[in-house]
$ cat upload_28.csv   # CSV, C-alpha atoms and all ligand atoms
chain,number,residue,atom,x,y,z
B,1,MET,CA,0.0,0.0,0.0
B,2,THR,CA,1.2,3.5,-0.8
B,3,LYS,CA,2.2,5.4,2.3
B,4,ARG,CA,1.1,9.0,2.4
B,5,ALA,CA,2.5,11.1,5.3
B,6,PHE,CA,0.9,14.2,6.9
B,7,ASN,CA,3.3,16.7,5.2
B,8,PHE,CA,3.6,20.1,6.8
B,9,CYS,CA,6.5,21.3,4.5
B,10,ALA,CA,6.8,25.0,3.9
B,11,GLY,CA,7.7,24.4,0.2
B,12,PRO,CA,7.8,22.6,-2.0
B,13,ALA,CA,4.6,21.7,-0.2
B,14,ALA,CA,2.0,19.0,-0.2
B,15,LEU,CA,-0.1,18.6,-3.3
B,16,PRO,CA,-3.7,17.2,-3.4
B,17,GLU,CA,-3.5,13.4,-3.5
B,18,GLU,CA,-6.3,13.4,-6.0
B,19,VAL,CA,-4.2,15.5,-8.4
B,20,LEU,CA,-1.1,13.3,-7.9
B,21,LYS,CA,-3.2,10.2,-8.7
B,22,GLN,CA,-4.5,11.8,-11.9
B,23,VAL,CA,-1.0,12.7,-12.9
B,24,GLN,CA,0.1,9.1,-12.3
B,25,ALA,CA,-2.7,7.7,-14.3
B,26,GLU,CA,-2.0,10.1,-17.2
B,27,LEU,CA,1.8,9.9,-17.1
B,28,LEU,CA,2.4,7.5,-19.9
B,29,ASP,CA,-0.5,8.2,-22.0
B,30,TRP,CA,-2.1,11.7,-21.7
B,31,GLN,CA,-5.7,11.7,-23.0
B,32,GLY,CA,-5.1,8.7,-25.4
B,33,LYS,CA,-2.3,10.5,-27.2
B,34,GLY,CA,0.3,7.9,-26.4
B,35,LEU,CA,2.7,10.3,-24.7
B,36,SER,CA,3.3,12.3,-21.5
B,37,VAL,CA,2.6,16.0,-21.2
B,38,MET,CA,6.4,16.2,-20.4
B,39,GLU,CA,7.1,14.9,-23.9
B,40,MET,CA,4.9,17.1,-26.1
B,41,SER,CA,5.7,20.3,-28.0
B,42,HIS,CA,4.7,23.5,-26.2
B,43,ARG,CA,3.8,24.8,-29.7
B,44,GLY,CA,1.4,22.0,-30.4
B,45,SER,CA,-2.3,22.5,-30.3
B,46,ASP,CA,-2.7,20.0,-27.4
B,47,PHE,CA,-0.4,21.8,-25.0
B,48,ILE,CA,-1.6,25.3,-26.1
B,49,ALA,CA,-5.2,24.2,-25.3
B,50,LEU,CA,-4.1,22.7,-21.9
B,51,ALA,CA,-2.2,25.9,-21.1
B,52,ALA,CA,-5.1,28.2,-22.0
B,53,GLU,CA,-7.5,26.1,-19.9
B,54,ALA,CA,-5.2,26.3,-16.9
B,55,GLU,CA,-5.1,30.1,-17.3
B,56,GLN,CA,-8.8,30.3,-17.6
B,57,ASP,CA,-9.4,28.2,-14.5
B,58,LEU,CA,-7.0,30.5,-12.5
B,59,ARG,CA,-8.8,33.5,-13.8
B,60,ASP,CA,-12.2,32.0,-12.8
B,61,LEU,CA,-10.9,31.2,-9.3
B,62,LEU,CA,-9.5,34.6,-8.6
B,63,HIS,CA,-12.0,36.6,-10.7
B,64,VAL,CA,-9.1,38.2,-12.6
B,65,PRO,CA,-10.5,41.2,-14.5
B,66,ASN,CA,-10.0,41.3,-18.3
B,67,ASN,CA,-7.5,44.1,-18.2
B,68,TYR,CA,-4.9,41.8,-16.5
B,69,LYS,CA,-2.5,39.4,-18.1
B,70,VAL,CA,-1.8,36.1,-16.4
B,71,LEU,CA,1.8,35.0,-17.0
B,72,PHE,CA,3.3,31.5,-16.3
B,73,LEU,CA,7.0,32.2,-15.8
B,74,GLN,CA,10.2,30.6,-14.4
B,75,GLY,CA,12.9,31.5,-11.9
B,76,GLY,CA,10.6,31.3,-8.8
B,77,ALA,CA,9.5,34.2,-6.7
B,78,SER,CA,13.1,35.2,-6.1
B,79,GLN,CA,13.6,36.1,-9.7
B,80,GLN,CA,10.5,38.3,-9.5
B,81,PHE,CA,12.4,40.3,-6.8
B,82,ALA,CA,14.6,41.5,-9.7
B,83,GLN,CA,11.9,41.4,-12.4
B,84,ILE,CA,9.6,43.8,-10.7
B,85,PRO,CA,12.1,46.7,-10.5
B,86,LEU,CA,13.5,45.8,-14.0
B,87,ASN,CA,10.0,46.3,-15.4
B,88,LEU,CA,8.5,49.0,-13.3
B,89,MET,CA,11.3,51.2,-12.0
B,90,ARG,CA,13.7,53.3,-14.0
B,91,ASP,CA,17.1,54.6,-12.8
B,92,ASP,CA,15.8,57.9,-11.5
B,93,GLN,CA,12.8,56.4,-9.8
B,94,LYS,CA,12.2,55.1,-6.3
B,95,ALA,CA,9.9,52.4,-5.0
B,96,ASP,CA,8.3,51.9,-1.6
B,97,TYR,CA,8.7,48.6,0.2
B,98,ILE,CA,7.0,47.3,3.3
B,99,GLU,CA,9.4,45.2,5.5
B,100,THR,CA,7.6,42.4,7.3
B,101,GLY,CA,10.3,39.7,7.5
B,102,ILE,CA,12.8,37.6,5.6
B,103,TRP,CA,11.1,37.5,2.2
B,104,ALA,CA,10.3,41.2,2.2
B,105,ARG,CA,13.9,41.9,3.1
B,106,LYS,CA,15.2,39.9,0.1
B,107,ALA,CA,12.8,41.7,-2.2
B,108,ILE,CA,14.1,45.0,-0.8
B,109,GLU,CA,17.8,44.1,-1.2
B,110,GLU,CA,17.3,43.0,-4.8
B,111,ALA,CA,15.3,46.1,-5.8
B,112,ALA,CA,18.0,48.4,-4.3
B,113,ARG,CA,20.3,47.2,-7.0
B,114,TYR,CA,18.2,49.0,-9.6
B,115,GLY,CA,17.0,52.1,-8.0
B,116,ALA,CA,16.2,53.9,-4.7
B,117,VAL,CA,14.2,51.9,-2.3
B,118,ASN,CA,12.3,53.6,0.5
B,119,VAL,CA,11.3,51.2,3.3
B,120,ALA,CA,8.0,52.9,3.9
B,121,GLY,CA,6.9,50.7,6.8
B,122,SER,CA,8.5,48.0,8.9
B,123,GLY,CA,7.4,45.4,11.4
B,124,LYS,CA,10.8,45.7,13.1
B,125,VAL,CA,9.4,47.6,16.0
B,126,TYR,CA,7.2,44.6,16.7
B,127,ASN,CA,10.1,42.2,16.3
B,128,PHE,CA,8.3,41.1,13.1
B,129,PHE,CA,5.6,39.5,15.2
B,130,ALA,CA,3.0,41.8,13.6
B,131,VAL,CA,2.6,43.7,10.3
B,132,PRO,CA,2.9,47.4,10.5
B,133,GLY,CA,-0.5,49.2,10.2
B,134,GLN,CA,-0.9,51.5,7.3
B,135,ASN,CA,-1.2,54.5,9.6
B,136,GLU,CA,2.5,53.8,10.5
B,137,TRP,CA,3.6,53.9,6.8
B,138,LYS,CA,5.5,56.8,5.2
B,139,LEU,CA,4.8,56.4,1.5
B,140,SER,CA,6.6,58.5,-1.0
B,141,LYS,CA,4.6,60.8,-3.2
B,142,ASP,CA,6.2,59.7,-6.4
B,143,ALA,CA,7.0,56.0,-6.0
B,144,ALA,CA,7.0,53.8,-9.1
B,145,TYR,CA,5.1,51.2,-7.0
B,146,VAL,CA,4.5,50.0,-3.5
B,147,HIS,CA,5.6,46.4,-2.7
B,148,TYR,CA,4.6,44.2,0.2
B,149,THR,CA,4.6,40.5,1.1
B,150,SER,CA,1.1,39.4,2.0
B,151,ASN,CA,2.3,36.3,3.9
B,152,GLU,CA,5.7,35.9,5.5
B,153,THR,CA,6.2,32.2,5.1
B,154,ILE,CA,9.1,32.0,7.6
B,155,GLY,CA,7.9,34.4,10.3
B,156,GLY,CA,4.2,33.4,10.0
B,157,VAL,CA,2.8,36.9,9.7
B,158,GLU,CA,0.1,37.7,7.2
B,159,PHE,CA,-1.9,40.7,6.1
B,160,ASP,CA,-5.6,40.2,6.5
B,161,TRP,CA,-6.2,43.6,4.7
B,162,ILE,CA,-5.1,45.1,1.4
B,163,PRO,CA,-3.2,48.4,1.6
B,164,GLU,CA,-4.7,51.5,0.1
B,165,VAL,CA,-2.1,53.3,-2.1
B,166,GLY,CA,-4.2,55.5,-4.4
B,167,ASP,CA,-3.0,55.6,-8.0
B,168,VAL,CA,0.4,54.0,-7.3
B,169,PRO,CA,0.6,50.4,-8.5
B,170,LEU,CA,0.4,48.0,-5.6
B,171,VAL,CA,2.8,45.0,-6.0
B,172,VAL,CA,2.4,41.9,-3.8
B,173,ASP,CA,4.5,38.8,-3.2
B,174,MET,CA,1.6,36.3,-2.6
B,175,SER,CA,3.8,33.2,-2.9
B,176,SER,CA,2.5,31.5,0.2
B,177,ASP,CA,-1.1,32.6,0.5
B,178,ILE,CA,-2.4,33.0,-3.0
B,179,LEU,CA,-5.6,30.9,-3.5
B,180,SER,CA,-6.1,30.4,0.2
B,181,ARG,CA,-9.1,32.7,0.3
B,182,PRO,CA,-10.8,35.2,-2.1
B,183,VAL,CA,-8.9,38.4,-2.9
B,184,ASP,CA,-9.8,41.5,-4.9
B,185,VAL,CA,-7.3,41.4,-7.8
B,186,SER,CA,-8.4,44.8,-9.1
B,187,LYS,CA,-6.7,46.4,-6.1
B,188,PHE,CA,-3.3,45.3,-7.4
B,189,GLY,CA,-0.9,46.4,-10.2
B,190,VAL,CA,1.0,43.1,-9.9
B,191,ILE,CA,0.5,39.9,-8.0
B,192,TYR,CA,3.2,37.2,-8.1
B,193,ALA,CA,3.5,33.8,-6.5
B,194,GLY,CA,6.0,31.0,-6.7
B,195,ALA,CA,4.1,27.8,-7.4
B,196,GLN,CA,5.5,25.4,-4.9
B,197,LYS,CA,3.3,26.5,-2.0
B,198,ASN,CA,-0.3,26.7,-3.1
B,199,ILE,CA,-0.2,26.3,-6.9
B,200,GLY,CA,1.8,23.3,-8.0
B,201,PRO,CA,5.4,22.1,-8.4
B,202,SER,CA,8.4,24.4,-8.3
B,203,GLY,CA,9.9,25.7,-11.5
B,204,LEU,CA,6.9,27.9,-12.1
B,205,VAL,CA,5.9,31.3,-10.9
B,206,VAL,CA,2.6,33.0,-11.7
B,207,THR,CA,2.5,36.7,-12.3
B,208,ILE,CA,-0.8,38.6,-12.7
B,209,ILE,CA,-0.2,42.1,-14.1
B,210,ARG,CA,-2.4,45.0,-15.1
B,211,GLU,CA,-2.0,45.7,-18.8
B,212,ASP,CA,-1.1,49.4,-18.5
B,213,LEU,CA,2.0,48.4,-16.5
B,214,LEU,CA,3.4,46.5,-19.5
B,215,GLY,CA,6.1,48.1,-21.7
B,216,LYS,CA,7.6,50.3,-18.9
B,217,GLU,CA,10.8,48.2,-18.6
B,218,ARG,CA,14.3,49.6,-18.3
B,219,SER,CA,16.3,49.6,-21.5
B,220,ASP,CA,18.7,47.0,-20.1
B,221,CYS,CA,15.9,44.6,-19.0
B,222,PRO,CA,16.8,41.1,-20.4
B,223,THR,CA,14.3,39.8,-22.9
B,224,MET,CA,13.5,36.8,-20.8
B,225,LEU,CA,12.6,39.0,-17.9
B,226,ASN,CA,10.5,41.5,-19.8
B,227,TYR,CA,6.8,41.1,-18.8
B,228,LYS,CA,5.7,42.6,-22.1
B,229,VAL,CA,7.6,40.0,-24.1
B,230,ALA,CA,6.1,37.2,-22.0
B,231,ALA,CA,2.6,38.7,-22.4
B,232,ASP,CA,2.9,39.1,-26.1
B,233,ASN,CA,4.0,35.5,-26.4
B,234,ASP,CA,1.4,33.9,-24.1
B,235,SER,CA,4.3,33.0,-21.7
B,236,MET,CA,5.9,31.0,-24.4
B,237,TYR,CA,8.8,33.2,-25.6
B,238,ASN,CA,10.9,30.2,-24.9
B,239,THR,CA,10.0,26.7,-23.7
B,240,PRO,CA,7.9,27.1,-20.5
B,241,PRO,CA,7.9,24.6,-17.6
B,242,THR,CA,5.3,22.5,-19.3
B,243,PHE,CA,4.8,19.8,-16.7
B,244,SER,CA,4.5,22.3,-13.8
B,245,TRP,CA,2.0,24.3,-15.9
B,246,TYR,CA,-0.1,21.1,-16.5
B,247,LEU,CA,0.0,20.1,-12.9
B,248,ALA,CA,-1.0,23.6,-11.7
B,249,GLY,CA,-3.9,23.4,-14.1
B,250,LEU,CA,-5.0,20.2,-12.4
B,251,VAL,CA,-4.7,21.9,-9.0
B,252,PHE,CA,-6.9,24.7,-10.3
B,253,LYS,CA,-9.6,22.2,-11.3
B,254,TRP,CA,-9.3,20.6,-7.9
B,255,LEU,CA,-9.8,24.0,-6.2
B,256,LYS,CA,-12.9,24.6,-8.2
B,257,LYS,CA,-14.3,21.2,-7.0
B,258,GLN,CA,-13.6,22.3,-3.4
B,259,GLY,CA,-16.0,25.2,-3.9
B,260,GLY,CA,-13.3,27.6,-5.2
B,261,LEU,CA,-11.7,30.2,-2.9
B,262,GLU,CA,-14.8,30.6,-0.8
B,263,GLY,CA,-14.7,26.9,-0.1
B,264,MET,CA,-10.9,27.1,0.7
B,265,LYS,CA,-11.5,30.0,3.0
B,266,LYS,CA,-13.9,28.0,5.1
B,267,VAL,CA,-11.6,25.1,5.5
B,268,ASN,CA,-8.5,27.2,6.0
B,269,GLN,CA,-10.3,29.2,8.7
B,270,GLN,CA,-11.2,26.1,10.5
B,271,LYS,CA,-7.7,24.7,10.3
B,272,GLN,CA,-6.0,27.8,11.7
B,273,GLU,CA,-8.6,28.2,14.4
B,274,LEU,CA,-8.1,24.7,15.6
B,275,LEU,CA,-4.3,24.9,15.6
B,276,TYR,CA,-3.9,28.4,17.1
B,277,GLY,CA,-6.7,27.6,19.5
B,278,TYR,CA,-4.9,24.6,20.9
B,279,ILE,CA,-1.5,26.4,21.1
B,280,ASP,CA,-3.1,29.3,23.0
B,281,SER,CA,-4.9,27.0,25.4
B,282,THR,CA,-1.7,25.5,26.8
B,283,GLU,CA,1.5,26.6,28.5
B,284,PHE,CA,3.4,23.8,26.8
B,285,TYR,CA,3.4,25.4,23.3
B,286,ASN,CA,3.6,29.0,22.3
B,287,ASN,CA,3.1,31.2,19.2
B,288,PRO,CA,4.3,34.8,19.5
B,289,ILE,CA,2.5,36.4,16.6
B,290,SER,CA,0.0,39.2,17.3
B,291,GLN,CA,-3.6,37.9,16.9
B,292,THR,CA,-4.4,40.1,13.9
B,293,SER,CA,-1.3,39.2,12.0
B,294,ARG,CA,-1.3,35.5,12.4
B,295,SER,CA,-0.7,33.5,9.1
B,296,TRP,CA,-3.4,31.1,8.1
B,297,MET,CA,-0.8,29.1,6.1
B,298,ASN,CA,2.3,29.0,8.1
B,299,VAL,CA,2.1,28.4,11.9
B,300,PRO,CA,5.4,28.7,13.8
B,301,PHE,CA,5.3,27.5,17.3
B,302,ARG,CA,7.7,26.7,20.1
B,303,LEU,CA,7.8,24.1,22.9
B,304,ILE,CA,8.4,26.1,26.0
B,305,ASP,CA,11.0,23.6,27.1
B,306,GLU,CA,13.4,23.7,24.1
B,307,ARG,CA,15.2,20.6,25.3
B,308,LEU,CA,12.2,18.6,24.1
B,309,ASP,CA,12.5,19.9,20.5
B,310,LYS,CA,14.5,16.9,19.3
B,311,LEU,CA,12.3,14.4,20.9
B,312,PHE,CA,9.2,16.1,19.5
B,313,LEU,CA,10.5,16.0,16.0
B,314,GLU,CA,11.5,12.3,16.3
B,315,LYS,CA,8.2,11.3,17.6
B,316,ALA,CA,6.4,13.3,15.0
B,317,GLU,CA,8.3,11.6,12.2
B,318,LYS,CA,7.6,8.2,13.7
B,319,ASN,CA,3.9,9.1,13.7
B,320,ASN,CA,3.9,10.2,10.1
B,321,PHE,CA,4.0,14.0,10.7
B,322,LEU,CA,6.8,15.3,8.4
B,323,ASN,CA,8.6,18.6,8.0
B,324,LEU,CA,7.6,20.3,11.3
B,325,LYS,CA,11.0,21.7,12.0
B,326,GLY,CA,11.1,25.5,12.0
B,327,HIS,CA,13.2,27.5,9.5
B,328,ARG,CA,16.9,27.5,10.5
B,329,SER,CA,16.8,31.2,11.1
B,330,VAL,CA,13.9,31.0,13.6
B,331,GLY,CA,14.2,27.6,15.3
B,332,GLY,CA,11.3,25.9,17.0
B,333,MET,CA,8.6,24.3,14.9
B,334,ARG,CA,6.5,25.4,12.0
B,335,ALA,CA,3.4,23.7,10.5
B,336,SER,CA,2.6,24.8,7.0
B,337,ILE,CA,-1.1,24.2,6.4
B,338,TYR,CA,-1.6,25.1,2.8
B,339,ASN,CA,-4.7,24.2,0.7
B,340,ALA,CA,-3.6,20.6,0.1
B,341,VAL,CA,-3.2,20.0,3.8
B,342,GLY,CA,-6.7,19.0,4.9
B,343,LEU,CA,-8.6,19.6,8.1
B,344,GLU,CA,-8.1,16.0,9.0
B,345,ALA,CA,-4.3,16.5,8.9
B,346,VAL,CA,-4.5,19.4,11.3
B,347,GLN,CA,-6.9,17.5,13.6
B,348,ALA,CA,-4.3,14.6,13.6
B,349,LEU,CA,-1.5,17.1,14.3
B,350,VAL,CA,-3.3,18.7,17.3
B,351,ALA,CA,-4.1,15.2,18.7
B,352,PHE,CA,-0.4,14.3,18.4
B,353,MET,CA,0.6,17.6,20.1
B,354,LYS,CA,-1.8,17.0,22.9
B,355,GLU,CA,-0.6,13.5,23.4
B,356,PHE,CA,3.0,14.7,23.5
B,357,GLU,CA,2.1,17.3,26.1
B,358,ARG,CA,0.4,14.7,28.2
B,359,GLU,CA,3.5,12.5,28.1
B,360,HIS,CA,6.1,15.3,28.7
B,361,GLY,CA,4.2,18.3,30.2
Y,401,LIG,C1,9.0,30.6,-1.0
Y,401,LIG,C2,8.9,32.1,-1.1
Y,401,LIG,C3,9.7,32.9,-1.9
Y,401,LIG,C4,10.8,32.3,-2.7
Y,401,LIG,O1,10.4,31.4,-3.7
Y,401,LIG,P1,11.3,30.8,-4.8
Y,401,LIG,O2,10.4,30.2,-5.7
Y,401,LIG,O3,12.1,29.7,-4.1
Y,401,LIG,O4,12.2,31.8,-5.3
Y,401,LIG,C5,9.5,34.3,-1.9
Y,401,LIG,N1,8.6,34.8,-1.2
Y,401,LIG,C6,7.8,34.1,-0.4
Y,401,LIG,C7,6.7,34.8,0.4
Y,401,LIG,C8,7.9,32.8,-0.3
Y,401,LIG,O5,7.1,32.0,0.5

$ encode --input "upload_28.csv" --output "structure tokens" --more "lines below"
Ligand SMILES: *Cc1c(COP(=O)(O)O)cnc(C)c1O
Amino acid sequence: MTKRAFNFCAGPAALPEEVLKQVQAELLDWQGKGLSVMEMSHRGSDFIALAAEAEQDLRDLLHVPNNYKVLFLQGGASQQFAQIPLNLMRDDQKADYIETGIWARKAIEEAARYGAVNVAGSGKVYNFFAVPGQNEWKLSKDAAYVHYTSNETIGGVEFDWIPEVGDVPLVVDMSSDILSRPVDVSKFGVIYAGAQKNIGPSGLVVTIIREDLLGKERSDCPTMLNYKVAADNDSMYNTPPTFSWYLAGLVFKWLKKQGGLEGMKKVNQQKQELLYGYIDSTEFYNNPISQTSRSWMNVPFRLIDERLDKLFLEKAEKNNFLNLKGHRSVGGMRASIYNAVGLEAVQALVAFMKEFEREHG
């Protein structure tokens, strides 16, 4: 029998079992064509239809307005850290960034290579245990854009609100919370997300960009990093990551079957309430994040007695709970509970944590 663990990995993360089974069934012979999606031309009508369907399903899920392009790109979210300024900020311009943790910091450092970066708001005063409220931000009058990170995957802080920045394009790194609940795409200039958290396999990054922001790139912007080139070529200027695109398409279909993003929101709300609720109810575990900034997707927690960390992880693994070790920069534990990690996985985790507390508390 195939063994499937409860996988709380931060990324590449768990994928829906149903999707993996379909991929397995179709691997050798996709839709009676006698070959795998991995082995077909991206210029052929089969792949073009598959790619367009995946895009349409994503548009449906997020209600993407018609004046936005949806791009399927490579290089992960980290490459977007450079691609954003290369496309939206010229030498003499500046951009506002909101600092909320490690991923925002990386985006800031990369953008600073191309122009002036103003850190307009920072969670530093809260030890990055909360996102800074918009009343604390000092936005520039003439910024090329405002960038923020809607969910800090490592720190476990998330915005449960969308900033208001007037006419300045709002750019968001949504890598670890895209598709976890409904979001108003029309509030954004650019949304980008690496696939390996809530979309599909790594190797793919999805960028949703308002059309009027295309064609503003710096003159030295590499062709492969130019959003307009990608948009004009339906994300196929060169060979795209075809298998990741196909698999992402299956995840989008799966999400639709779960009731779309309203459906996901319901389950994700229950999952996080259950886990935080238990952590808050005991002295044995602790989560330091302020109530209003707690991530629904990544839940860092500590055992009050750190000497038990090793034993906790050993027992967890023996019981089929994988990847609960916190990020090396933070320590402690982290449970990533993305869309593909069901309520039953979180229920099982909480039961395990209770049992561990009973034995060692
Ligand atoms: C994982 C992650 C990244 C980096 O993604 P890569 O695809 O590895 O480059 C960036 N930002 C956030 C918020 C992430 O969770």

$ residues_near_ligand --input "upload_28.csv" --ligand "ligand LIG 401 (chain Y)" --cutoff "7 Å" --atoms "all atoms listed in the file" --output "JSON, numbers by chain"
{"B": [11, 75, 76, 77, 78, 79, 103, 149, 151, 152, 153, 173, 174, 175, 176, 194, 195, 196, 202, 205]}

$ residues_near_point --input "upload_28.csv" --point "(16.4, 35.9, -22.4)" --cutoff "12 Å" --atoms "only C-alpha atoms" --output "PyMOL selection string"
chain B and resi 74-75+220-227+229-230+236-239

$ residues_around --input "upload_28.csv" --residues "Asn287 of chain B" --least-positions-apart "5" --cutoff "7 Å" --atoms "all atoms listed in the file" --output "list in words"
Ile279, Pro300, Phe301 and Arg302 of chain B

$ residues_around --input "upload_28.csv" --residues "Thr100 of chain B" --least-positions-apart "3" --cutoff "12 Å" --atoms "all atoms listed in the file" --output "CSV table (one decimal) with C-alpha atoms, keeping the file's coordinate frame"
chain,number,residue,atom,x,y,z
B,97,TYR,CA,8.7,48.6,0.2
B,103,TRP,CA,11.1,37.5,2.2
B,104,ALA,CA,10.3,41.2,2.2
B,105,ARG,CA,13.9,41.9,3.1
B,106,LYS,CA,15.2,39.9,0.1
B,107,ALA,CA,12.8,41.7,-2.2
B,108,ILE,CA,14.1,45.0,-0.8
B,119,VAL,CA,11.3,51.2,3.3
B,120,ALA,CA,8.0,52.9,3.9
B,121,GLY,CA,6.9,50.7,6.8
B,122,SER,CA,8.5,48.0,8.9
B,123,GLY,CA,7.4,45.4,11.4
B,124,LYS,CA,10.8,45.7,13.1
B,125,VAL,CA,9.4,47.6,16.0
B,126,TYR,CA,7.2,44.6,16.7
B,127,ASN,CA,10.1,42.2,16.3
B,128,PHE,CA,8.3,41.1,13.1
B,129,PHE,CA,5.6,39.5,15.2
B,130,ALA,CA,3.0,41.8,13.6
B,131,VAL,CA,2.6,43.7,10.3
B,132,PRO,CA,2.9,47.4,10.5
B,133,GLY,CA,-0.5,49.2,10.2
B,147,HIS,CA,5.6,46.4,-2.7
B,148,TYR,CA,4.6,44.2,0.2
B,149,THR,CA,4.6,40.5,1.1
B,150,SER,CA,1.1,39.4,2.0
B,151,ASN,CA,2.3,36.3,3.9
B,152,GLU,CA,5.7,35.9,5.5
B,153,THR,CA,6.2,32.2,5.1
B,154,ILE,CA,9.1,32.0,7.6
B,155,GLY,CA,7.9,34.4,10.3
B,156,GLY,CA,4.2,33.4,10.0
B,157,VAL,CA,2.8,36.9,9.7
B,158,GLU,CA,0.1,37.7,7.2
B,159,PHE,CA,-1.9,40.7,6.1
B,173,ASP,CA,4.5,38.8,-3.2
B,293,SER,CA,-1.3,39.2,12.0

$ closest_residue --input "upload_28.csv" --among "B:Val168, B:Leu247, B:Leu303, B:Ile102" --to "Phe356 of chain B" --atoms "only C-alpha atoms"
B:Leu303

$ closest_residue --input "upload_28.csv" --among "B:Gln291, B:Ala111, B:Val206, B:Glu317" --to "Ser244 of chain B" --atoms "only C-alpha atoms"
B:Val206

$ residues_around --input "upload_28.csv" --residues "Leu214 of chain B" --least-positions-apart "3" --cutoff "8 Å" --atoms "all atoms listed in the file" --output "PyMOL selection string"
chain B and resi 87+209-211+217+227-228

$ write_last_selection --input "upload_28.csv" --atoms "C-alpha atoms" --output "PDB file, in the frame of the given file"
ATOM      1  CA  ASN B  87      10.000  46.300 -15.400  1.00  0.00           C
ATOM      2  CA  ILE B 209      -0.200  42.100 -14.100  1.00  0.00           C
ATOM      3  CA  ARG B 210      -2.400  45.000 -15.100  1.00  0.00           C
ATOM      4  CA  GLU B 211      -2.000  45.700 -18.800  1.00  0.00           C
ATOM      5  CA  GLU B 217      10.800  48.200 -18.600  1.00  0.00           C
ATOM      6  CA  TYR B 227       6.800  41.100 -18.800  1.00  0.00           C
ATOM      7  CA  LYS B 228       5.700  42.600 -22.100  1.00  0.00           C
TER       8      LYS B 228
END
